[in-house]
Every structure is written in C-alpha cells, then in structure tokens.
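Next comes target.cif, a file with mmCIF, C-alpha atoms and all ligand atoms.
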data_input
#
loop_
_atom_site.label_atom_id
_atom_site.label_comp_id
_atom_site.auth_asym_id
_atom_site.auth_seq_id
_atom_site.Cartn_x
_atom_site.Cartn_y
_atom_site.Cartn_z
CA MET A 1 8.20 6.53 14.20
CA ILE A 2 6.80 7.41 10.80
CA SER A 3 5.05 10.59 9.91
CA ARG A 4 3.63 10.98 6.46
CA PRO A 5 0.33 12.33 5.19
CA LEU A 6 -2.27 9.73 4.35
CA LYS A 7 -4.54 10.68 1.46
CA LEU A 8 -7.40 8.26 1.05
CA GLY A 9 -9.49 8.27 -2.13
CA GLU A 10 -6.85 9.51 -4.56
CA PRO A 11 -7.49 8.02 -7.00
CA LEU A 12 -11.05 6.80 -6.56
CA ILE A 13 -11.93 4.02 -9.01
CA LYS A 14 -15.68 3.54 -9.44
CA LEU A 15 -17.00 0.28 -10.83
CA GLU A 16 -20.53 -0.83 -11.51
CA THR A 17 -20.04 -4.55 -11.01
CA VAL A 18 -16.96 -6.46 -9.92
CA ASP A 19 -16.32 -9.87 -8.39
CA SER A 20 -14.76 -8.39 -5.26
CA THR A 21 -13.24 -4.94 -4.73
CA ASN A 22 -10.53 -6.62 -2.63
CA ASP A 23 -9.55 -8.90 -5.50
CA TYR A 24 -9.64 -5.97 -7.91
CA ALA A 25 -7.33 -3.99 -5.60
CA THR A 26 -4.95 -6.92 -5.20
CA ASN A 27 -4.80 -7.22 -8.96
CA LEU A 28 -4.10 -3.48 -9.33
CA LEU A 29 -1.23 -3.82 -6.89
CA ARG A 30 0.21 -6.66 -8.91
CA THR A 31 -0.25 -5.21 -12.38
CA GLU A 32 0.19 -1.46 -11.83
CA ASN A 33 1.77 -1.15 -8.42
CA ALA A 34 -1.21 1.02 -7.37
CA GLY A 35 -0.35 3.63 -4.75
CA GLU A 36 -1.31 4.03 -1.11
CA GLY A 37 -4.71 5.66 -0.74
CA THR A 38 -6.21 4.20 -3.91
CA VAL A 39 -9.88 3.38 -3.31
CA ILE A 40 -11.93 0.95 -5.38
CA LEU A 41 -15.68 1.39 -5.03
CA ALA A 42 -18.39 -0.82 -6.53
CA ASP A 43 -22.18 -0.74 -6.81
CA TYR A 44 -22.33 -4.51 -6.76
CA GLN A 45 -20.04 -7.47 -6.07
CA SER A 46 -20.80 -10.83 -7.66
CA LEU A 47 -18.41 -12.62 -5.27
CA GLY A 48 -18.11 -10.30 -2.28
CA LYS A 49 -15.78 -11.87 0.26
CA GLY A 50 -16.26 -11.97 4.01
CA ARG A 51 -13.82 -13.24 6.62
CA GLY A 52 -13.19 -16.99 6.66
CA ASN A 53 -15.26 -18.68 3.98
CA ASN A 54 -18.14 -16.25 4.26
CA ARG A 55 -19.63 -14.21 1.45
CA TRP A 56 -20.61 -10.56 1.76
CA GLN A 57 -24.07 -9.94 0.34
CA SER A 58 -25.27 -6.48 -0.54
CA GLU A 59 -28.11 -5.21 -2.74
CA LYS A 60 -26.93 -3.36 -5.84
CA GLY A 61 -26.40 0.39 -5.36
CA GLN A 62 -27.69 0.48 -1.79
CA ASN A 63 -24.57 0.20 0.32
CA LEU A 64 -20.90 1.10 0.43
CA LEU A 65 -18.61 -1.60 -0.91
CA PHE A 66 -15.02 -0.51 -1.25
CA SER A 67 -11.38 -1.35 -0.70
CA ILE A 68 -8.51 0.90 0.32
CA ILE A 69 -4.91 0.18 -0.58
CA PHE A 70 -2.35 0.84 2.17
CA LYS A 71 1.41 0.45 2.11
CA PRO A 72 2.24 0.48 5.81
CA ASP A 73 5.83 -0.63 5.33
CA PHE A 74 6.75 0.69 8.80
CA LEU A 75 4.31 -1.66 10.56
CA ARG A 76 5.72 -4.83 12.06
CA ALA A 77 3.84 -7.92 10.93
CA ASP A 78 3.14 -8.92 14.53
CA LYS A 79 1.46 -5.54 15.06
CA GLN A 80 -0.79 -5.71 11.99
CA PHE A 81 -3.93 -5.75 14.13
CA TYR A 82 -3.33 -2.06 14.90
CA LEU A 83 -4.26 -1.20 11.30
CA SER A 84 -7.49 -3.12 11.74
CA MET A 85 -8.15 -1.27 15.02
CA GLY A 86 -7.64 2.14 13.40
CA ILE A 87 -10.02 1.34 10.56
CA SER A 88 -12.63 -0.10 12.95
CA ASN A 89 -12.41 3.06 15.05
CA GLY A 90 -13.09 5.26 12.00
CA ILE A 91 -16.12 3.26 10.87
CA ALA A 92 -17.52 3.12 14.40
CA GLU A 93 -17.16 6.91 14.71
CA LEU A 94 -19.03 7.43 11.45
CA VAL A 95 -21.83 5.05 12.44
CA GLU A 96 -22.15 6.80 15.78
CA LYS A 97 -22.28 10.22 14.14
CA ILE A 98 -25.11 9.11 11.85
CA ALA A 99 -27.10 6.62 13.89
CA GLY A 100 -26.02 6.68 17.53
CA ASN A 101 -24.16 4.32 19.80
CA SER A 102 -22.00 1.87 17.87
CA LYS A 103 -19.77 -0.92 19.11
CA ILE A 104 -16.87 -2.88 17.71
CA LYS A 105 -17.31 -6.61 18.03
CA TRP A 106 -13.91 -8.29 18.08
CA PRO A 107 -12.07 -8.52 15.85
CA ASN A 108 -13.57 -5.89 13.55
CA ASP A 109 -17.33 -6.08 13.08
CA ILE A 110 -19.12 -2.79 13.55
CA PHE A 111 -22.33 -3.17 15.50
CA LEU A 112 -25.35 -0.93 15.78
CA ASN A 113 -28.30 -1.88 17.97
CA ASN A 114 -26.69 -5.29 18.54
CA LYS A 115 -26.58 -6.09 14.82
CA LYS A 116 -23.81 -5.90 12.23
CA VAL A 117 -23.81 -2.71 10.17
CA ALA A 118 -20.31 -3.06 8.71
CA GLY A 119 -17.64 -5.67 8.12
CA ILE A 120 -13.96 -5.36 7.30
CA LEU A 121 -11.75 -7.80 5.43
CA ILE A 122 -8.05 -6.96 5.51
CA GLU A 123 -5.64 -8.85 3.27
CA ASN A 124 -1.95 -8.19 3.85
CA THR A 125 1.29 -9.10 2.18
CA ILE A 126 4.40 -9.19 4.29
CA MET A 127 8.03 -8.58 3.39
CA LYS A 128 10.67 -9.63 5.89
CA ASP A 129 8.97 -8.79 9.19
CA LYS A 130 7.03 -5.72 7.97
CA LEU A 131 3.76 -5.15 6.16
CA TYR A 132 4.28 -4.54 2.47
CA THR A 133 0.77 -4.00 1.13
CA SER A 134 -2.59 -4.09 2.76
CA VAL A 135 -6.01 -4.16 1.12
CA ALA A 136 -8.74 -3.13 3.54
CA GLY A 137 -12.18 -4.04 2.21
CA ILE A 138 -15.14 -2.41 3.87
CA GLY A 139 -18.83 -3.19 3.50
CA LEU A 140 -21.11 -0.68 5.22
CA ASN A 141 -24.87 -1.21 5.05
CA VAL A 142 -26.31 2.20 4.31
CA ASN A 143 -29.65 2.34 2.47
CA GLN A 144 -30.71 -1.30 2.22
CA GLN A 145 -34.31 -1.71 3.43
CA ILE A 146 -34.54 -5.49 3.76
CA PHE A 147 -31.95 -8.23 4.17
CA SER A 148 -32.41 -11.82 3.10
CA PRO A 149 -33.83 -13.96 5.93
CA ASP A 150 -30.55 -15.87 6.36
CA LEU A 151 -28.81 -12.60 7.34
CA THR A 152 -30.53 -12.32 10.72
CA ASP A 153 -27.59 -10.38 12.09
CA ALA A 154 -27.53 -7.56 9.50
CA ILE A 155 -28.75 -3.99 9.87
CA SER A 156 -28.41 -0.80 7.81
CA LEU A 157 -28.19 2.86 8.78
CA TYR A 158 -31.54 3.40 7.04
CA GLN A 159 -33.22 0.75 9.19
CA VAL A 160 -32.21 2.67 12.30
CA THR A 161 -32.66 6.30 11.26
CA GLY A 162 -35.38 5.97 8.58
CA LYS A 163 -33.25 8.21 6.34
CA LYS A 164 -31.62 7.56 2.96
CA TYR A 165 -28.05 8.74 2.43
CA ASP A 166 -25.97 9.87 -0.52
CA LEU A 167 -23.35 7.14 -0.79
CA PHE A 168 -20.60 9.54 -1.93
CA ASP A 169 -21.19 11.85 1.02
CA VAL A 170 -20.98 8.90 3.39
CA LEU A 171 -17.84 7.62 1.67
CA ASN A 172 -16.13 11.01 1.89
CA ASP A 173 -17.00 11.36 5.56
CA LEU A 174 -15.79 7.86 6.23
CA LEU A 175 -12.47 8.33 4.43
CA ARG A 176 -11.91 11.53 6.41
CA LEU A 177 -12.63 9.76 9.69
CA ILE A 178 -10.45 6.74 8.88
CA THR A 179 -7.61 9.14 7.98
CA LYS A 180 -8.05 10.70 11.43
CA THR A 181 -8.33 7.46 13.39
CA LEU A 182 -5.24 6.08 11.60
CA GLU A 183 -3.12 9.10 12.52
CA PRO A 184 -1.83 7.46 15.71
CA LEU A 185 -0.76 4.41 13.70
CA TYR A 186 1.27 6.55 11.30
CA SER A 187 2.84 8.47 14.18
CA GLY A 188 3.64 5.32 16.15
CA ASP A 189 1.18 6.02 18.98
CA TYR A 190 -0.20 2.52 19.39
CA GLY A 191 -1.48 3.20 22.90
CA THR A 192 -3.96 5.88 21.74
CA LEU A 193 -5.23 3.62 19.00
CA LYS A 194 -5.86 0.77 21.39
CA ILE A 195 -7.62 2.96 23.96
CA ALA A 196 -10.05 4.22 21.29
CA TYR A 197 -10.70 0.62 20.21
CA LEU A 198 -11.24 -0.65 23.76
CA ASN A 199 -13.63 2.25 24.44
CA ARG A 200 -16.03 0.82 21.90
CA LEU A 201 -15.35 -2.88 22.34
CA PHE A 202 -18.54 -4.94 22.58
CA ARG A 203 -18.94 -6.60 26.02
CA LEU A 204 -15.61 -5.36 27.39
CA ASN A 205 -15.41 -6.12 31.12
CA GLU A 206 -18.86 -7.73 31.22
CA TRP A 207 -19.33 -11.31 32.38
CA THR A 208 -20.89 -12.97 29.38
CA ARG A 209 -21.56 -16.36 27.80
CA LEU A 210 -18.76 -17.40 25.49
CA ALA A 211 -17.89 -20.65 23.75
CA ASP A 212 -14.53 -22.17 22.85
CA SER A 213 -13.50 -25.64 21.68
CA SER A 214 -14.32 -27.07 25.12
CA GLY A 215 -17.84 -25.65 25.18
CA MET A 216 -19.77 -22.79 26.77
CA PHE A 217 -18.41 -20.85 29.70
CA GLU A 218 -18.86 -17.55 31.52
CA GLY A 219 -16.03 -15.20 30.77
CA ARG A 220 -15.07 -11.58 30.63
CA ILE A 221 -13.14 -9.83 27.88
CA VAL A 222 -10.46 -7.85 29.68
CA ASP A 223 -8.08 -6.68 26.96
CA ILE A 224 -6.63 -7.21 23.49
CA GLY A 225 -3.19 -8.75 23.16
CA GLU A 226 -0.33 -7.25 21.14
CA SER A 227 -1.17 -9.44 18.14
CA GLY A 228 -4.88 -8.72 18.34
CA GLU A 229 -5.87 -11.78 20.31
CA LEU A 230 -8.87 -11.54 22.63
CA LEU A 231 -7.86 -11.80 26.29
CA VAL A 232 -10.61 -13.47 28.30
CA GLU A 233 -10.77 -13.94 32.04
CA LYS A 234 -12.47 -17.04 33.36
CA HIS A 235 -14.01 -17.35 36.80
CA LYS A 236 -10.93 -18.88 38.36
CA GLY A 237 -9.06 -15.75 37.43
CA GLN A 238 -6.82 -17.07 34.68
CA ILE A 239 -6.59 -15.11 31.43
CA THR A 240 -6.70 -17.01 28.15
CA PRO A 241 -5.74 -15.50 24.77
CA TYR A 242 -7.93 -16.43 21.80
CA SER A 243 -7.20 -16.00 18.11
CA PHE A 244 -9.91 -15.41 15.53
CA GLY A 245 -12.08 -18.50 15.08
CA GLU A 246 -11.23 -19.92 18.50
CA ILE A 247 -14.02 -18.22 20.45
CA LYS A 248 -17.65 -17.23 19.92
CA PHE A 249 -20.20 -15.25 21.82
CA GLY A 250 -22.76 -17.68 23.31
C1 LIG B 301 -16.72 -9.71 7.20
O1 LIG B 301 -17.33 -9.13 8.11
O2 LIG B 301 -16.78 -10.95 7.09
C2 LIG B 301 -15.93 -8.89 6.25
C3 LIG B 301 -16.78 -8.33 5.16
C4 LIG B 301 -16.03 -7.44 4.19
C5 LIG B 301 -16.86 -7.05 3.00
C6 LIG B 301 -16.18 -6.05 2.11
S1 LIG B 301 -17.25 -5.41 0.88
C7 LIG B 301 -15.91 -4.66 0.05
C8 LIG B 301 -14.73 -5.60 0.16
N1 LIG B 301 -14.70 -6.53 -0.95
C9 LIG B 301 -14.94 -7.78 -0.59
O3 LIG B 301 -15.00 -8.76 -1.34
N2 LIG B 301 -15.12 -7.85 0.75
C10 LIG B 301 -14.95 -6.53 1.36
#
When written as structure tokens, how does the structure in this file appear?
Ligand code: BTN
Amino acid sequence: MISRPLKLGEPLIKLETVDSTNDYATNLLRTENAGEGTVILADYQSLGKGRGNNRWQSEKGQNLLFSIIFKPDFLRADKQFYLSMGISNGIAELVEKIAGNSKIKWPNDIFLNNKKVAGILIENTIMKDKLYTSVAGIGLNVNQQIFSPDLTDAISLYQVTGKKYDLFDVLNDLLRLITKTLEPLYSGDYGTLKIAYLNRLFRLNEWTRLADSSGMFEGRIVDIGESGELLVEKHKGQITPYSFGEIKFG
C-alpha cells in the first residue's frame, strides 16, 4: 500500500501550439526528469494523437488538450488499467457535474448523450514489473460549436448545455476530481476504483450487438478483467475476455 499526496498541475506548462502534449511530456521526462503532477496544456496540437493510429482533432483554443505526468512506481504493470479507470472516473464525474449523465465506453472514452466528449491516451514506461512513468493525455471537448463531418461521433459540453466555459476553471475542477478519483489507486483500494468505473460503464449488463473477428453477435458485458480486458458473456453462457481492438460495438 502506498499513501502519498498527489498534486496535479504543479507545475502547469501552457503552450500555444505543440505537436502533441503527450510527446512534449515524454520529452520533458527524458530531458529534465519532470516530476509527478506536471501538466502540459496546449491551445492547439498540430499532430494530436488518439489511440491506435487515430488523430485527435480539436479547434484552436476551444477545448482542453493536456497531459499529466504520473510516476506510479508502486503499480504493477499488469494492473496498469487501474490508472486508466481512475482517470476515466474523474472525467466522467466532471462531465456529469456540468452536463448530466455521462458514461465510460470501454476502455476509456467518455460519452455524453451517446457521443464522445473526451478521450484519453495513456503512454507508460515500465521498469521491472512496475510502472515507471505514465503520461496521461486528455482531450475534452468543451466549447467547440461544430465538428468536421467525419467526426460523427464527437460532442462538446457546449453542444449539450448551450453554455461556454472558462477553460482554466474546467481544468482546475477536472484536476481536483481526478486527484479524488485516483485516491483509491494511491491507497491500494483497487476494488473501490473498479466499482466506480463499472457504475458508469456503457452497456454494462445489457444484451447488445457486438462484433469480434468472427463477426456480429449478441453479447453482454459482465465485468472487466484484472488487466482491463472486457469480459463478455455470449448466449451459451461462456465468458470471453477481449483486449482493446478485438471487439467493437455493432
Ligand atoms: C482517443 O480517444 O483516441 C484518445 C485521445 C487523446 C487525445 C489527447 S489530447 C491531449 C493529449 N495529447 C495527444 O496527442 N493526445 C492526447
């Protein structure tokens, strides 16, 4: 068990334009051994990265684009998904506070009104069997009024509430909430973290159309495995674990 205070946003590095705040953070770790809690915030990213080979697009100055440096050296590599859960829980709480019911779509997309309001890209380094550094990049759509037509899945807080937000206020609130939702991770209480995550998990326990490498099927998400895999029940009762990229919602 580890108990140490987590201070997010000290220091806060503000940039106008950068390729990717995640890459900037990774570079800071390499060149200056930047400390835990360092936050890099940008108005615009020329090469914003999404999970897989995706890009993260965001209109200049409208949304939150930032990365947080963590050094969770107590966290076993095979439990790294718990960090992702804690961060997802914090963002989902913030979205709910501002705009109402929010869901987490596995593994860590934050959904509002069935569309994606925030995405998280976590890049870890591992030493022996523990996490060494972790860069958690967060894109939260705040004030953007229109998304390009190819982003049919995207939504902003503004589009739901009709209100514009001060990005610094939202960032401060969000950092406070993530600090809170990560507390159980830092105190070794993985069970609490997972319960909070499952409480908001999109389509948990609902029979729904899913697709894997053998095609479409009806399945039901029943749990998350210890390494973050999605546990899906099929009609015959067997439970299959899926890793990221192996399953899609139909
Ligand atoms: C995803 O849903 O695919 C993850 C998107 C993560 C986007 C954020 S924006 C700030 C940080 N810097 C990046 O290049 N990506 C993350």
Q | Residues within 10 Å of ligand LIG 301 (chain B), counting all atoms listed in the file, as a ChimeraX atom specification | A | /A:18-25,40-42,44-58,63-68,107-110,116-123,135-141
Q | Minimum-distance residue to Thr208 (chain A), chosen among A:Tyr132, A:Phe249, A:Phe168, A:Tyr158 (using only C-alpha atoms) | A | A:Phe249
**Q.** Selection: 6 Å around region 88-102 of chain A, all atoms listed in the file, excl. self and same-chain fewer than 3 positions, as a list of chain:residue names
**A.** A:Met85, A:Asn108, A:Phe111, A:Leu112, A:Leu177, A:Ile178, A:Thr181, A:Tyr197
Polymer residues at most 10 Å from (-24.3, 9.6, -1.0) by all atoms listed in the file, as a PDB file with C-alpha atoms, in the frame of the given file:
ATOM      1  CA  GLN A  62     -27.690   0.480  -1.790  1.00  0.00           C
ATOM      2  CA  ASN A  63     -24.570   0.200   0.320  1.00  0.00           C
ATOM      3  CA  LEU A  64     -20.900   1.100   0.430  1.00  0.00           C
ATOM      4  CA  VAL A 142     -26.310   2.200   4.310  1.00  0.00           C
ATOM      5  CA  ASN A 143     -29.650   2.340   2.470  1.00  0.00           C
ATOM      6  CA  LYS A 164     -31.620   7.560   2.960  1.00  0.00           C
ATOM      7  CA  TYR A 165     -28.050   8.740   2.430  1.00  0.00           C
ATOM      8  CA  ASP A 166     -25.970   9.870  -0.520  1.00  0.00           C
ATOM      9  CA  LEU A 167     -23.350   7.140  -0.790  1.00  0.00           C
ATOM     10  CA  PHE A 168     -20.600   9.540  -1.930  1.00  0.00           C
ATOM     11  CA  ASP A 169     -21.190  11.850   1.020  1.00  0.00           C
ATOM     12  CA  VAL A 170     -20.980   8.900   3.390  1.00  0.00           C
ATOM     13  CA  LEU A 171     -17.840   7.620   1.670  1.00  0.00           C
ATOM     14  CA  ASN A 172     -16.130  11.010   1.890  1.00  0.00           C
ATOM     15  CA  ASP A 173     -17.000  11.360   5.560  1.00  0.00           C
TER      16      ASP A 173
END
Q: One decimal, Å: what's the distance from CA of Ser213 (chain A) over to CA of Pro241 (chain A), could you say?
A: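 Rounded to one decimal, the two atoms are 13.1 Å apart.
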Q: Go through A:Gly86, A:Phe217, A:Glu10, A:Asp153 one by one, measure the shortest atom-to-atom distance of each to Ala196 (chain A) using all atoms listed in the file, and give the residue with the smallest value.
A: A:Gly86
(Q) Please list, as a list in words, the residues that have an atom at most 12 Å away from (-18.4, -26.1, 24.9) in the coordinates of this file, counting only C-alpha atoms. (A)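 Protein and nucleic acid residues near the point are Arg209, Leu210, Ala211, Asp212, Ser213, Ser214, Gly215, Met216, Phe217, Glu218, Glu246, Ile247, Lys248, Phe249 and Gly250 of chain A.
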Q) With distances taken over all atoms listed in the file, which of A:Val160, A:Met127, A:Ala34, A:Leu28 is nearest to Asn113 (chain A)? A) A:Val160
